[in-house]
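Read the structure below first, then the notes.
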Amino acid sequence: MSTRHILLALLAKGPSHGYDLKRRHDDHFPQARPLAYGQVYTTLQRLVRDGLAEVAGTDADGGPERTLYRLTADGSREATDWAGQVTPPAPFVTNEIFAKVVVAILTGGDPAAHLLAQRAAHMDRMRELTALKTAPSAELGTVLAADYALNHLDADLRWMTTTQARLTTLTAVTVEVDRA
Amino acid sequence: MSNRPVPLLVARDLVKAHGSTPALRGARLELAAGEIVAVTGASGSGKSTLLHCLAGIVRPDGGAVTYAGERVDALPERRLSELRRTDFGVVFQFGQLIPELTALDNVALPLMLAGTAREAAQERAAGWLERFGAGERPGLRPGELSGGQAQRVALARALVTGPRVVFADEPTGALDSLASEQVMTALVHTARETGAAVLVVTHDAQVAAYADREVRLQDGVTAGLEVCA
């Protein structure tokens, strides 16, 4: 995900300083990895260097002095363009579970047992996310994030189920190829 | 495993065939009081047959089903009907509400069958419809309800008698994802409040994720995650 564009989008609501941007990012994306302060400041400096943001002054507010940033016209355009662009579906199939199952098949391991154990881990995580999103106090950001994660875990599970069903055929083919 | 509560419902080595087609080939399962368990598996894996055997709807060809110390698979039909009326609640994929009755009367019916007077039964039924967010138009007939509303009425009907076990067979199978979420949330929250155990059969992992644990069926056999000793 592009931290650069997310920060641009957050700045579109008005001038802000690094600390506030980090806090708002973490509020809006509650299930994402929290943004590191270092990353926020590095990204802001790059946005200024590229003419997408500029320093709008300083804000002390009784504490240490903090630099306020605001979007430039180019930055505003860039944020809108990015948000409107269709995301290309991933061109490469790379996934750790997929790789481990292939390796298990190639090295004569037990892919079926691996898939069963992985399913249990996925179901544990899906139970956590379901409890999170159905809690009476759940906010929209949490519900959307949980839905997103649940649907992706579910897609993994469906692939695992299909693979489990295919395993006999796949292993049979591998054995045939090895023999040939 | 030793600190698990005493199971309320136990299936051991269940065998059942439909004609010459085996549906269950030694399935095992335990359900503790207040526990929510999802039975998952591909179509034809025997999930619904397992639920039917556990709920006393069909008798297994072999193995045993024990509910609160009683052998369900060996009970006379009369005692089975009583059990299904008082201790068990059942929800199916398509609700199976009675089309000629209003939503309110569909929910009141199990109470009336158990001897409650019509007015008192309707009053309690109205409370349950409210609880499932289906209380706004209790006079509608099943044909006038959306799929999600009909399933919530079916849930109210399954829970109105205060069952100790609710059996739900693909309760969201005909619903879109948001209606499915509403039905499952209502079912799980109510079961937690009333202490009812729930056995939900589903092919959908997102539905199974509402349960405390999953029992997976493959070709009529429970695979790896069941807890029978």
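Every chain in the structure tokens has a letter given in the order shown (A, B, ...), and although residue numbers restart at 1 in each chain, ligands are simply numbered from 1 in the order shown.
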Exercise for review: Provide as an MDAnalysis selection string the residues of chain B at most 9 Å from chain A, counting only C-alpha atoms.
Suggested key: chainID B and resid 42 181 185 204:206 208:214 224:225
Review point. What lies within 12 Å of Val48 (chain A) using only C-alpha atoms, ignoring chain neighbours under 4 positions off, as a list in words?
Key: Arg4, Leu8, Tyr41, Thr42, Thr43, Leu44, Leu52, Ala53, Glu54, Val55, Ala56, Leu68, Tyr69, Arg70, Leu71, Thr72, Asp74 and Gly75 of chain A
For the selection just defined, write its residues with all heavy atoms to a file, as a tab-separated table (two decimals), in the first residue's frame.
chain	number	residue	atom	x	y	z
A	4	ARG	N	2.63	7.13	0.89
A	4	ARG	CA	2.70	8.44	0.27
A	4	ARG	C	1.30	8.95	-0.11
A	4	ARG	O	0.93	10.07	0.23
A	4	ARG	CB	3.60	8.25	-0.96
A	4	ARG	CG	3.77	9.38	-1.89
A	4	ARG	CD	4.56	8.81	-3.08
A	4	ARG	NE	4.69	9.76	-4.16
A	4	ARG	CZ	5.69	10.64	-4.26
A	4	ARG	NH1	6.63	10.68	-3.36
A	4	ARG	NH2	5.73	11.48	-5.27
A	8	LEU	N	-1.13	11.91	1.52
A	8	LEU	CA	-1.69	12.97	0.66
A	8	LEU	C	-3.19	13.08	0.90
A	8	LEU	O	-3.74	14.19	1.04
A	8	LEU	CB	-1.42	12.67	-0.81
A	8	LEU	CG	-0.01	12.99	-1.36
A	8	LEU	CD1	0.08	12.57	-2.83
A	8	LEU	CD2	0.32	14.48	-1.22
A	41	TYR	N	7.55	11.09	8.87
A	41	TYR	CA	8.39	12.28	8.63
A	41	TYR	C	9.20	12.13	7.34
A	41	TYR	O	9.32	13.08	6.56
A	41	TYR	CB	9.26	12.56	9.85
A	41	TYR	CG	8.40	13.03	11.00
A	41	TYR	CD1	8.21	12.25	12.13
A	41	TYR	CD2	7.70	14.24	10.92
A	41	TYR	CE1	7.38	12.67	13.16
A	41	TYR	CE2	6.86	14.66	11.94
A	41	TYR	CZ	6.71	13.87	13.06
A	41	TYR	OH	5.87	14.29	14.06
A	42	THR	N	9.73	10.92	7.08
A	42	THR	CA	10.49	10.72	5.84
A	42	THR	C	9.58	10.95	4.64
A	42	THR	O	9.95	11.62	3.67
A	42	THR	CB	11.02	9.27	5.78
A	42	THR	OG1	11.50	8.92	7.06
A	42	THR	CG2	12.09	9.10	4.76
A	43	THR	N	8.36	10.40	4.71
A	43	THR	CA	7.44	10.53	3.58
A	43	THR	C	7.05	12.00	3.37
A	43	THR	O	7.01	12.48	2.23
A	43	THR	CB	6.17	9.67	3.82
A	43	THR	OG1	6.57	8.36	4.17
A	43	THR	CG2	5.30	9.61	2.58
A	44	LEU	N	6.79	12.72	4.46
A	44	LEU	CA	6.43	14.14	4.34
A	44	LEU	C	7.56	14.93	3.67
A	44	LEU	O	7.30	15.77	2.79
A	44	LEU	CB	6.13	14.72	5.73
A	44	LEU	CG	4.75	14.36	6.31
A	44	LEU	CD1	4.65	14.78	7.77
A	44	LEU	CD2	3.63	15.01	5.50
A	52	LEU	N	4.62	18.11	-3.85
A	52	LEU	CA	3.23	17.66	-3.62
A	52	LEU	C	2.68	18.20	-2.30
A	52	LEU	O	1.48	18.25	-2.09
A	52	LEU	CB	3.16	16.14	-3.64
A	52	LEU	CG	3.63	15.49	-4.95
A	52	LEU	CD1	3.67	13.96	-4.83
A	52	LEU	CD2	2.74	15.89	-6.12
A	53	ALA	N	3.59	18.57	-1.40
A	53	ALA	CA	3.18	19.18	-0.13
A	53	ALA	C	4.15	20.31	0.17
A	53	ALA	O	5.23	20.40	-0.43
A	53	ALA	CB	3.20	18.15	0.99
A	54	GLU	N	3.74	21.21	1.10
A	54	GLU	CA	4.65	22.30	1.48
A	54	GLU	C	4.46	22.61	2.96
A	54	GLU	O	3.43	22.26	3.55
A	54	GLU	CB	4.40	23.54	0.62
A	54	GLU	CG	2.99	24.10	0.75
A	54	GLU	CD	2.66	25.10	-0.34
A	54	GLU	OE1	3.47	25.30	-1.26
A	54	GLU	OE2	1.57	25.70	-0.25
A	55	VAL	N	5.47	23.25	3.52
A	55	VAL	CA	5.38	23.62	4.93
A	55	VAL	C	4.45	24.82	5.05
A	55	VAL	O	4.58	25.80	4.32
A	55	VAL	CB	6.78	23.95	5.49
A	55	VAL	CG1	6.68	24.49	6.90
A	55	VAL	CG2	7.66	22.69	5.46
A	56	ALA	N	3.48	24.71	5.97
A	56	ALA	CA	2.47	25.76	6.11
A	56	ALA	C	2.69	26.58	7.37
A	56	ALA	O	1.83	27.37	7.74
A	56	ALA	CB	1.09	25.13	6.12
A	68	LEU	N	3.75	22.26	10.41
A	68	LEU	CA	2.46	21.97	9.74
A	68	LEU	C	2.71	21.80	8.24
A	68	LEU	O	3.44	22.59	7.64
A	68	LEU	CB	1.51	23.14	9.94
A	68	LEU	CG	0.64	23.16	11.19
A	68	LEU	CD1	-0.11	24.49	11.26
A	68	LEU	CD2	-0.35	22.01	11.17
A	69	TYR	N	2.07	20.81	7.66
A	69	TYR	CA	2.20	20.59	6.21
A	69	TYR	C	0.84	20.78	5.57
A	69	TYR	O	-0.20	20.51	6.18
A	69	TYR	CB	2.68	19.16	5.94
A	69	TYR	CG	4.09	18.90	6.42
A	69	TYR	CD1	4.31	18.49	7.74
A	69	TYR	CD2	5.19	19.08	5.58
A	69	TYR	CE1	5.59	18.27	8.20
A	69	TYR	CE2	6.48	18.85	6.04
A	69	TYR	CZ	6.68	18.45	7.35
A	69	TYR	OH	7.94	18.23	7.80
A	70	ARG	N	0.86	21.22	4.28
A	70	ARG	CA	-0.39	21.27	3.53
A	70	ARG	C	-0.14	20.80	2.11
A	70	ARG	O	1.01	20.81	1.64
A	70	ARG	CB	-1.00	22.68	3.56
A	70	ARG	CG	-0.23	23.68	2.74
A	70	ARG	CD	-0.98	25.01	2.61
A	70	ARG	NE	-0.06	26.03	2.16
A	70	ARG	CZ	0.10	27.22	2.74
A	70	ARG	NH1	-0.61	27.55	3.80
A	70	ARG	NH2	0.95	28.09	2.26
A	71	LEU	N	-1.21	20.43	1.43
A	71	LEU	CA	-1.09	19.95	0.05
A	71	LEU	C	-0.83	21.11	-0.90
A	71	LEU	O	-1.32	22.22	-0.68
A	71	LEU	CB	-2.41	19.32	-0.41
A	71	LEU	CG	-2.73	17.90	-0.03
A	71	LEU	CD1	-3.95	17.42	-0.83
A	71	LEU	CD2	-1.55	16.98	-0.31
A	72	THR	N	-0.08	20.85	-1.96
A	72	THR	CA	-0.01	21.82	-3.07
A	72	THR	C	-1.08	21.41	-4.07
A	72	THR	O	-1.72	20.35	-3.92
A	72	THR	CB	1.37	21.74	-3.75
A	72	THR	OG1	1.50	20.41	-4.28
A	72	THR	CG2	2.50	22.02	-2.77
A	74	ASP	N	-0.56	20.36	-7.06
A	74	ASP	CA	-0.09	19.10	-7.65
A	74	ASP	C	-0.40	17.92	-6.73
A	74	ASP	O	-0.79	16.85	-7.18
A	74	ASP	CB	1.44	19.15	-7.89
A	74	ASP	CG	1.79	19.92	-9.16
A	74	ASP	OD1	0.83	20.30	-9.89
A	74	ASP	OD2	2.98	20.15	-9.40
A	75	GLY	N	-0.18	18.15	-5.43
A	75	GLY	CA	-0.43	17.09	-4.44
A	75	GLY	C	-1.90	16.70	-4.43
A	75	GLY	O	-2.24	15.51	-4.35
**Study point:** CA of Ala196 (chain B) to CA of Ala158 (chain B), straight-line distance in Å
**Key:**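 Interatomic distance here is 11.0 Å.
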Review point. So which bits of region 73-229 of chain B end up alpha helix (DSSP H) when you DSSP the backbone, as number ranges by chain?
Key: B: 77-86, 103-113, 118-131, 147-159, 177-194, 205-208
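The gap separating CA of Gln45 (chain A) from CA of Pro64 (chain A) is 19.2 Å, in Å to one decimal.
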Contact residues around Gly147 (chain B) with only C-alpha atoms at 9 Å, ignoring same-chain residues under 5 positions, as a PDB file with N, CA, C and O atoms, in the first residue's frame:
ATOM      1  N   PHE B  94     -34.007 -23.121   4.261  1.00  0.00           N
ATOM      2  CA  PHE B  94     -35.083 -22.290   3.746  1.00  0.00           C
ATOM      3  C   PHE B  94     -36.170 -22.061   4.794  1.00  0.00           C
ATOM      4  O   PHE B  94     -37.348 -21.984   4.477  1.00  0.00           O
ATOM      5  N   GLY B  95     -35.743 -21.974   6.054  1.00  0.00           N
ATOM      6  CA  GLY B  95     -36.667 -21.617   7.122  1.00  0.00           C
ATOM      7  C   GLY B  95     -37.743 -22.654   7.402  1.00  0.00           C
ATOM      8  O   GLY B  95     -37.996 -23.004   8.528  1.00  0.00           O
ATOM      9  N   ARG B 152     -34.842 -15.013  10.191  1.00  0.00           N
ATOM     10  CA  ARG B 152     -34.886 -14.502  11.563  1.00  0.00           C
ATOM     11  C   ARG B 152     -36.170 -14.957  12.268  1.00  0.00           C
ATOM     12  O   ARG B 152     -36.164 -15.237  13.458  1.00  0.00           O
ATOM     13  N   ALA B 174     -29.144 -19.497   1.781  1.00  0.00           N
ATOM     14  CA  ALA B 174     -29.861 -18.820   0.697  1.00  0.00           C
ATOM     15  C   ALA B 174     -29.779 -17.298   0.834  1.00  0.00           C
ATOM     16  O   ALA B 174     -30.518 -16.577   0.191  1.00  0.00           O
ATOM     17  N   LEU B 175     -28.861 -16.815   1.681  1.00  0.00           N
ATOM     18  CA  LEU B 175     -28.833 -15.371   1.965  1.00  0.00           C
ATOM     19  C   LEU B 175     -27.573 -14.699   1.416  1.00  0.00           C
ATOM     20  O   LEU B 175     -26.531 -15.333   1.282  1.00  0.00           O
ATOM     21  N   ASP B 176     -27.671 -13.388   1.151  1.00  0.00           N
ATOM     22  CA  ASP B 176     -26.471 -12.652   0.761  1.00  0.00           C
ATOM     23  C   ASP B 176     -25.627 -12.385   2.003  1.00  0.00           C
ATOM     24  O   ASP B 176     -26.054 -12.670   3.130  1.00  0.00           O
ATOM     25  N   ALA B 179     -27.186 -10.165   4.961  1.00  0.00           N
ATOM     26  CA  ALA B 179     -28.307 -10.827   5.629  1.00  0.00           C
ATOM     27  C   ALA B 179     -27.775 -12.006   6.436  1.00  0.00           C
ATOM     28  O   ALA B 179     -28.234 -12.280   7.556  1.00  0.00           O
TER      29      ALA B 179
END
Exercise for review: Tell me, as a count of residues only, which residues lie within 10 Å of region 66-83 of chain B, counting only C-alpha atoms; anything in the same chain fewer than 6 positions away does not count.
Suggested key: 22
Practice item. Tell me which protein, DNA and RNA residues are within 10 Å of region 20-30 of chain A, counting only C-alpha atoms, leaving out same-chain ones fewer than 6 positions away, and put them as JSON, numbers by chain. Key: {"A": [3, 6, 7, 8, 10, 11, 36, 37, 39, 40, 41, 68, 69, 139, 140, 141, 142, 143, 144, 145, 146]}
Once you have the residues from the selection above, write them out as an mmCIF file, in the first residue's frame, restricted to C-alpha atoms.
data_model
loop_
_atom_site.group_PDB
_atom_site.id
_atom_site.type_symbol
_atom_site.label_atom_id
_atom_site.label_comp_id
_atom_site.auth_asym_id
_atom_site.auth_seq_id
_atom_site.Cartn_x
_atom_site.Cartn_y
_atom_site.Cartn_z
ATOM 1 C CA THR A 3 1.896 5.461 2.462
ATOM 2 C CA ILE A 6 -2.543 7.807 2.060
ATOM 3 C CA LEU A 7 -0.741 10.802 3.639
ATOM 4 C CA LEU A 8 -1.686 12.975 0.662
ATOM 5 C CA LEU A 10 -5.202 12.714 4.843
ATOM 6 C CA LEU A 11 -3.670 16.127 4.114
ATOM 7 C CA ALA A 36 5.922 4.474 12.355
ATOM 8 C CA TYR A 37 6.674 8.143 13.154
ATOM 9 C CA GLN A 39 8.108 6.756 8.132
ATOM 10 C CA VAL A 40 5.624 9.637 8.409
ATOM 11 C CA TYR A 41 8.386 12.276 8.628
ATOM 12 C CA LEU A 68 2.462 21.966 9.740
ATOM 13 C CA TYR A 69 2.196 20.586 6.214
ATOM 14 C CA GLU A 139 -16.796 1.070 14.595
ATOM 15 C CA LEU A 140 -17.178 1.207 10.827
ATOM 16 C CA GLY A 141 -13.396 1.226 10.203
ATOM 17 C CA THR A 142 -13.012 -1.979 12.227
ATOM 18 C CA VAL A 143 -15.957 -3.657 10.493
ATOM 19 C CA LEU A 144 -14.637 -2.785 7.008
ATOM 20 C CA ALA A 145 -11.125 -3.957 7.883
ATOM 21 C CA ALA A 146 -12.440 -7.199 9.407
#
Neighbour list for Gly135 (chain B) as a JSON list (two decimals) with N, CA and C atoms, in the first residue's frame, cut-off 10 Å, only C-alpha atoms, skip fewer than 5 positions in-chain:
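What follows is the written file around01.json:
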[["chain", "number", "residue", "atom", "x", "y", "z"],
["B", 103, "ALA", "N", -46.10, -14.58, 10.51],
["B", 103, "ALA", "CA", -44.81, -14.72, 11.18],
["B", 103, "ALA", "C", -45.04, -14.97, 12.67],
["B", 104, "LEU", "N", -45.97, -14.20, 13.24],
["B", 104, "LEU", "CA", -46.25, -14.32, 14.68],
["B", 104, "LEU", "C", -46.74, -15.72, 15.03],
["B", 125, "ALA", "N", -44.20, -14.94, 21.61],
["B", 125, "ALA", "CA", -43.67, -14.99, 20.24],
["B", 125, "ALA", "C", -43.31, -13.58, 19.77],
["B", 126, "ALA", "N", -44.17, -12.60, 20.12],
["B", 126, "ALA", "CA", -43.91, -11.22, 19.71],
["B", 126, "ALA", "C", -42.59, -10.73, 20.30],
["B", 127, "GLY", "N", -42.34, -11.10, 21.55],
["B", 127, "GLY", "CA", -41.08, -10.73, 22.20],
["B", 127, "GLY", "C", -39.88, -11.31, 21.47],
["B", 128, "TRP", "N", -40.01, -12.56, 21.03],
["B", 128, "TRP", "CA", -38.90, -13.19, 20.32],
["B", 128, "TRP", "C", -38.69, -12.60, 18.93],
["B", 129, "LEU", "N", -39.78, -12.22, 18.28],
["B", 129, "LEU", "CA", -39.66, -11.57, 16.97],
["B", 129, "LEU", "C", -38.91, -10.25, 17.13],
["B", 130, "GLU", "N", -39.27, -9.51, 18.16],
["B", 130, "GLU", "CA", -38.59, -8.24, 18.48],
["B", 130, "GLU", "C", -37.10, -8.47, 18.63],
["B", 149, "GLN", "N", -35.37, -11.93, 6.53],
["B", 149, "GLN", "CA", -36.44, -11.79, 7.53],
["B", 149, "GLN", "C", -37.01, -13.16, 7.88],
["B", 152, "ARG", "N", -34.84, -15.01, 10.19],
["B", 152, "ARG", "CA", -34.89, -14.50, 11.56],
["B", 152, "ARG", "C", -36.17, -14.96, 12.27],
["B", 153, "VAL", "N", -37.26, -15.06, 11.49],
["B", 153, "VAL", "CA", -38.51, -15.61, 12.06],
["B", 153, "VAL", "C", -38.27, -17.09, 12.42]]
Check your understanding: Within 6 Å of Lys16 (chain B), counting only C-alpha atoms, which residues qualify if same-chain residues fewer than 4 places away don't, as a list in words?
Key ->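 Near neighbours after the sequence-gap exclusion: Ala23, Leu24, Pro60 and Asp61 of chain B.
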Same residues, all heavy atoms, saved as a PDB file, in the first residue's frame:
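As a result, out37.pdb now contains:
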ATOM      1  N   ALA B  23     -23.444 -42.195   3.967  1.00  0.00           N
ATOM      2  CA  ALA B  23     -23.390 -40.754   4.275  1.00  0.00           C
ATOM      3  C   ALA B  23     -22.457 -40.524   5.455  1.00  0.00           C
ATOM      4  O   ALA B  23     -21.655 -39.601   5.462  1.00  0.00           O
ATOM      5  CB  ALA B  23     -24.782 -40.239   4.578  1.00  0.00           C
ATOM      6  N   LEU B  24     -22.570 -41.383   6.471  1.00  0.00           N
ATOM      7  CA  LEU B  24     -21.676 -41.280   7.637  1.00  0.00           C
ATOM      8  C   LEU B  24     -20.947 -42.614   7.797  1.00  0.00           C
ATOM      9  O   LEU B  24     -21.558 -43.678   7.682  1.00  0.00           O
ATOM     10  CB  LEU B  24     -22.482 -40.970   8.903  1.00  0.00           C
ATOM     11  CG  LEU B  24     -23.189 -39.617   8.959  1.00  0.00           C
ATOM     12  CD1 LEU B  24     -24.004 -39.497  10.249  1.00  0.00           C
ATOM     13  CD2 LEU B  24     -22.186 -38.469   8.864  1.00  0.00           C
ATOM     14  N   PRO B  60     -29.532 -43.309  13.166  1.00  0.00           N
ATOM     15  CA  PRO B  60     -28.330 -43.845  12.510  1.00  0.00           C
ATOM     16  C   PRO B  60     -28.433 -45.368  12.362  1.00  0.00           C
ATOM     17  O   PRO B  60     -29.176 -46.005  13.097  1.00  0.00           O
ATOM     18  CB  PRO B  60     -27.213 -43.464  13.488  1.00  0.00           C
ATOM     19  CG  PRO B  60     -27.880 -43.299  14.810  1.00  0.00           C
ATOM     20  CD  PRO B  60     -29.268 -42.816  14.527  1.00  0.00           C
ATOM     21  N   ASP B  61     -27.690 -45.925  11.402  1.00  0.00           N
ATOM     22  CA  ASP B  61     -27.661 -47.387  11.234  1.00  0.00           C
ATOM     23  C   ASP B  61     -26.748 -48.012  12.290  1.00  0.00           C
ATOM     24  O   ASP B  61     -26.894 -49.157  12.651  1.00  0.00           O
ATOM     25  CB  ASP B  61     -27.134 -47.747   9.837  1.00  0.00           C
ATOM     26  CG  ASP B  61     -28.005 -47.158   8.730  1.00  0.00           C
ATOM     27  OD1 ASP B  61     -29.208 -46.967   8.979  1.00  0.00           O
ATOM     28  OD2 ASP B  61     -27.465 -46.876   7.636  1.00  0.00           O
TER      29      ASP B  61
END
Going by DSSP on the backbone, which bits of region 99-227 of chain B are strand (DSSP E)? Write them as a PDB file with N, CA and C atoms, in the first residue's frame, please.
ATOM      1  N   VAL B 165     -30.447 -27.036  22.995  1.00  0.00           N
ATOM      2  CA  VAL B 165     -29.603 -27.197  21.802  1.00  0.00           C
ATOM      3  C   VAL B 165     -30.349 -26.660  20.581  1.00  0.00           C
ATOM      4  N   VAL B 166     -29.681 -25.822  19.805  1.00  0.00           N
ATOM      5  CA  VAL B 166     -30.258 -25.349  18.547  1.00  0.00           C
ATOM      6  C   VAL B 166     -29.466 -25.984  17.410  1.00  0.00           C
ATOM      7  N   PHE B 167     -30.159 -26.634  16.497  1.00  0.00           N
ATOM      8  CA  PHE B 167     -29.532 -27.217  15.321  1.00  0.00           C
ATOM      9  C   PHE B 167     -29.847 -26.317  14.131  1.00  0.00           C
ATOM     10  N   ALA B 168     -28.820 -25.869  13.442  1.00  0.00           N
ATOM     11  CA  ALA B 168     -29.047 -24.984  12.292  1.00  0.00           C
ATOM     12  C   ALA B 168     -28.354 -25.590  11.072  1.00  0.00           C
ATOM     13  N   ASP B 169     -29.166 -25.974  10.077  1.00  0.00           N
ATOM     14  CA  ASP B 169     -28.631 -26.635   8.880  1.00  0.00           C
ATOM     15  C   ASP B 169     -28.530 -25.616   7.744  1.00  0.00           C
ATOM     16  N   ALA B 197     -26.785 -24.350  23.502  1.00  0.00           N
ATOM     17  CA  ALA B 197     -25.689 -24.824  22.652  1.00  0.00           C
ATOM     18  C   ALA B 197     -26.184 -24.762  21.211  1.00  0.00           C
ATOM     19  N   VAL B 198     -25.262 -24.537  20.271  1.00  0.00           N
ATOM     20  CA  VAL B 198     -25.655 -24.459  18.866  1.00  0.00           C
ATOM     21  C   VAL B 198     -24.766 -25.369  18.038  1.00  0.00           C
ATOM     22  N   LEU B 199     -25.396 -26.150  17.170  1.00  0.00           N
ATOM     23  CA  LEU B 199     -24.652 -26.933  16.194  1.00  0.00           C
ATOM     24  C   LEU B 199     -25.048 -26.389  14.827  1.00  0.00           C
ATOM     25  N   VAL B 200     -24.121 -25.742  14.153  1.00  0.00           N
ATOM     26  CA  VAL B 200     -24.461 -25.144  12.861  1.00  0.00           C
ATOM     27  C   VAL B 200     -23.705 -25.871  11.750  1.00  0.00           C
ATOM     28  N   VAL B 201     -24.470 -26.374  10.785  1.00  0.00           N
ATOM     29  CA  VAL B 201     -23.880 -27.045   9.630  1.00  0.00           C
ATOM     30  C   VAL B 201     -23.738 -26.016   8.524  1.00  0.00           C
ATOM     31  N   ARG B 213     -15.677 -23.531  17.783  1.00  0.00           N
ATOM     32  CA  ARG B 213     -14.730 -24.414  17.107  1.00  0.00           C
ATOM     33  C   ARG B 213     -15.390 -25.079  15.909  1.00  0.00           C
ATOM     34  N   GLU B 214     -14.551 -25.745  15.121  1.00  0.00           N
ATOM     35  CA  GLU B 214     -15.021 -26.347  13.875  1.00  0.00           C
ATOM     36  C   GLU B 214     -14.790 -27.860  13.912  1.00  0.00           C
ATOM     37  N   VAL B 215     -15.772 -28.601  13.460  1.00  0.00           N
ATOM     38  CA  VAL B 215     -15.577 -30.044  13.249  1.00  0.00           C
ATOM     39  C   VAL B 215     -15.721 -30.267  11.750  1.00  0.00           C
ATOM     40  N   ARG B 216     -14.699 -30.862  11.170  1.00  0.00           N
ATOM     41  CA  ARG B 216     -14.695 -30.988   9.724  1.00  0.00           C
ATOM     42  C   ARG B 216     -15.038 -32.414   9.312  1.00  0.00           C
ATOM     43  N   LEU B 217     -15.969 -32.535   8.371  1.00  0.00           N
ATOM     44  CA  LEU B 217     -16.367 -33.856   7.887  1.00  0.00           C
ATOM     45  C   LEU B 217     -15.819 -34.079   6.494  1.00  0.00           C
ATOM     46  N   GLN B 218     -15.263 -35.275   6.297  1.00  0.00           N
ATOM     47  CA  GLN B 218     -14.797 -35.627   4.961  1.00  0.00           C
ATOM     48  C   GLN B 218     -15.255 -37.046   4.678  1.00  0.00           C
ATOM     49  N   VAL B 221     -16.649 -38.965   7.595  1.00  0.00           N
ATOM     50  CA  VAL B 221     -15.820 -39.173   8.786  1.00  0.00           C
ATOM     51  C   VAL B 221     -15.368 -37.804   9.289  1.00  0.00           C
ATOM     52  N   THR B 222     -15.412 -37.612  10.609  1.00  0.00           N
ATOM     53  CA  THR B 222     -14.939 -36.347  11.178  1.00  0.00           C
ATOM     54  C   THR B 222     -13.406 -36.353  11.132  1.00  0.00           C
TER      55      THR B 222
END
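Among A:Ser16, A:His5, A:Pro89, A:Asp156, the residue with the shortest atom-to-atom distance to Ala121 (chain A), counting only C-alpha atoms, is A:Asp156.
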